[in-house]
Amino acid sequence: MDQRFEGTPKAEIRQEGQKLIRGEVTNDWGSQLIWNVLRNGESVARVSARANDSLDFADKTPGKYEAVLQMFQYEGYEKDKDGKYTKSKFVDVSNKLNWMV
């Protein structure tokens with residue numbers, strides 16, 4: 001049975017101090033939902049967002065930070081020699097937050 005991607009998932013995220021908060025996800029595909037936090041363009045945290053609607057992120061390492069909510073889009077079993085999916089991927093489903101430390 002193929003997974004159907006009806007509609008495009010969307011959510012709004014906001015920041016309150018060190019806490020990242022997400023709203024309801026519309027058109028939810030029901031697949032893995034994560035917070036992806038980047039520092040200077042490199043991912044420093046990938047945390048499940050399915051069970052909780054917030055993330056306390058208190059990293060004080062200096063740099064330019066970005067946070068986005070992502071959902072897994074499964075497109076097939078194909079993997080490369082390192083075991084990573086070649087067609088399936090995480091896609092952004094929210095606005096991006098940017099801040100400096």
# chains A, B, ... in the order shown; residues from 1 in each chain; ligands from 1
>>> residues_around(residues="Arg39 (chain A)", least_positions_apart="2", cutoff="6 Å", atoms="only C-alpha atoms", output="MDAnalysis selection string")
chainID A and resid 41:42 64:65
>>> write_last_selection(atoms="C-alpha atoms", output="CSV table (one decimal), in the first residue's frame")
chain,number,residue,atom,x,y,z
A,41,GLY,CA,24.2,26.1,8.7
A,42,GLU,CA,24.9,22.7,10.4
A,64,LYS,CA,23.7,32.0,14.0
A,65,TYR,CA,20.8,29.6,14.7
>>> residues_around(residues="Pro62 (chain A)", least_positions_apart="3", cutoff="12 Å", atoms="only C-alpha atoms", output="list in words")
Arg39, Asn40, Ala58, Asp59, Tyr65, Trp99, Met100 and Val101 of chain A
>>> closest_residue(among="A:Gly17, A:Tyr77, A:Ala11, A:Glu6", to="Lys96 (chain A)", atoms="only C-alpha atoms")
A:Ala11
>>> closest_residue(among="A:Ser48, A:Ser54, A:Gln73, A:Ser31", to="Thr86 (chain A)", atoms="only C-alpha atoms")
A:Gln73
>>> select_by_dssp(residues="region 13-86 of chain A", states="strand (DSSP E or B)", output="PyMOL selection string")
chain A and resi 13-16+19-22+26+33-39+42-48+54-56+64-73+79+85
>>> residues_around(residues="Trp29 (chain A)", least_positions_apart="4", cutoff="12 Å", atoms="only C-alpha atoms", output="list in words")
Gln3, Arg4, Phe5, Glu6, Gly7, Thr8, Pro9, Lys10, Val25, Leu33, Arg50, Gln70, Met71, Phe72, Gln73, Tyr74, Val91 and Val93 of chain A
>>> write_last_selection(atoms="N, CA and C atoms", output="PDB file, in the first residue's frame")
ATOM      1  N   GLN A   3       1.789   5.217   0.469  1.00  0.00           N
ATOM      2  CA  GLN A   3       1.383   6.346   1.292  1.00  0.00           C
ATOM      3  C   GLN A   3       0.954   7.468   0.360  1.00  0.00           C
ATOM      4  N   ARG A   4      -0.144   8.106   0.702  1.00  0.00           N
ATOM      5  CA  ARG A   4      -0.644   9.211  -0.112  1.00  0.00           C
ATOM      6  C   ARG A   4      -0.360  10.523   0.609  1.00  0.00           C
ATOM      7  N   PHE A   5       0.182  11.456  -0.125  1.00  0.00           N
ATOM      8  CA  PHE A   5       0.507  12.761   0.429  1.00  0.00           C
ATOM      9  C   PHE A   5      -0.545  13.757  -0.041  1.00  0.00           C
ATOM     10  N   GLU A   6      -1.678  13.756   0.669  1.00  0.00           N
ATOM     11  CA  GLU A   6      -2.773  14.651   0.305  1.00  0.00           C
ATOM     12  C   GLU A   6      -2.601  15.972   1.033  1.00  0.00           C
ATOM     13  N   GLY A   7      -2.519  17.029   0.289  1.00  0.00           N
ATOM     14  CA  GLY A   7      -2.301  18.333   0.889  1.00  0.00           C
ATOM     15  C   GLY A   7      -0.853  18.508   1.307  1.00  0.00           C
ATOM     16  N   THR A   8      -0.514  19.695   1.686  1.00  0.00           N
ATOM     17  CA  THR A   8       0.836  20.007   2.135  1.00  0.00           C
ATOM     18  C   THR A   8       0.781  20.329   3.620  1.00  0.00           C
ATOM     19  N   PRO A   9       1.540  19.583   4.455  1.00  0.00           N
ATOM     20  CA  PRO A   9       1.542  19.878   5.886  1.00  0.00           C
ATOM     21  C   PRO A   9       2.097  21.277   6.153  1.00  0.00           C
ATOM     22  N   LYS A  10       1.481  21.975   7.086  1.00  0.00           N
ATOM     23  CA  LYS A  10       1.924  23.322   7.457  1.00  0.00           C
ATOM     24  C   LYS A  10       1.724  23.511   8.954  1.00  0.00           C
ATOM     25  N   VAL A  25      -0.408  21.061  13.282  1.00  0.00           N
ATOM     26  CA  VAL A  25       0.024  20.754  11.920  1.00  0.00           C
ATOM     27  C   VAL A  25      -1.209  20.433  11.089  1.00  0.00           C
ATOM     28  N   LEU A  33       7.786  13.580  12.691  1.00  0.00           N
ATOM     29  CA  LEU A  33       7.803  15.039  12.759  1.00  0.00           C
ATOM     30  C   LEU A  33       8.928  15.431  13.705  1.00  0.00           C
ATOM     31  N   ARG A  50       6.561  15.140  17.515  1.00  0.00           N
ATOM     32  CA  ARG A  50       5.235  14.534  17.404  1.00  0.00           C
ATOM     33  C   ARG A  50       4.498  14.556  18.756  1.00  0.00           C
ATOM     34  N   GLN A  70      10.136  19.776  10.536  1.00  0.00           N
ATOM     35  CA  GLN A  70      10.219  18.951   9.328  1.00  0.00           C
ATOM     36  C   GLN A  70       9.425  17.662   9.498  1.00  0.00           C
ATOM     37  N   MET A  71       8.914  17.146   8.372  1.00  0.00           N
ATOM     38  CA  MET A  71       8.179  15.888   8.364  1.00  0.00           C
ATOM     39  C   MET A  71       8.801  14.956   7.323  1.00  0.00           C
ATOM     40  N   PHE A  72       8.811  13.650   7.652  1.00  0.00           N
ATOM     41  CA  PHE A  72       9.409  12.675   6.750  1.00  0.00           C
ATOM     42  C   PHE A  72       8.454  12.354   5.614  1.00  0.00           C
ATOM     43  N   GLN A  73       8.952  12.466   4.395  1.00  0.00           N
ATOM     44  CA  GLN A  73       8.181  12.137   3.202  1.00  0.00           C
ATOM     45  C   GLN A  73       8.761  10.857   2.633  1.00  0.00           C
ATOM     46  N   TYR A  74       8.032   9.754   2.829  1.00  0.00           N
ATOM     47  CA  TYR A  74       8.506   8.445   2.399  1.00  0.00           C
ATOM     48  C   TYR A  74       8.161   8.228   0.936  1.00  0.00           C
ATOM     49  N   VAL A  91      11.066  17.061   4.806  1.00  0.00           N
ATOM     50  CA  VAL A  91      10.686  18.303   4.131  1.00  0.00           C
ATOM     51  C   VAL A  91      10.245  19.328   5.176  1.00  0.00           C
ATOM     52  N   VAL A  93       8.017  21.948   6.986  1.00  0.00           N
ATOM     53  CA  VAL A  93       6.571  22.133   7.056  1.00  0.00           C
ATOM     54  C   VAL A  93       6.194  23.366   7.877  1.00  0.00           C
TER      55      VAL A  93
END
>>> closest_residue(among="A:Glu24, A:Glu12, A:Asp56, A:Glu75", to="Lys89 (chain A)", atoms="only C-alpha atoms")
A:Glu75
>>> residues_around(residues="Ile13 (chain A)", least_positions_apart="3", cutoff="7 Å", atoms="only C-alpha atoms", output="PyMOL selection string")
chain A and resi 20-23+94-95
>>> atom_distance(atom1="CA of Trp35 (chain A)", atom2="CA of Ser88 (chain A)")
17.6 Å
>>> closest_residue(among="A:Asn36, A:Asn52, A:Gln18, A:Asn98", to="Val68 (chain A)", atoms="only C-alpha atoms")
A:Asn36
>>> closest_residue(among="A:Arg14, A:Asp80, A:Ala45, A:Asp28", to="Phe57 (chain A)", atoms="only C-alpha atoms")
A:Ala45
>>> atom_distance(atom1="CA of Ala49 (chain A)", atom2="CA of Thr26 (chain A)")
14.3 Å
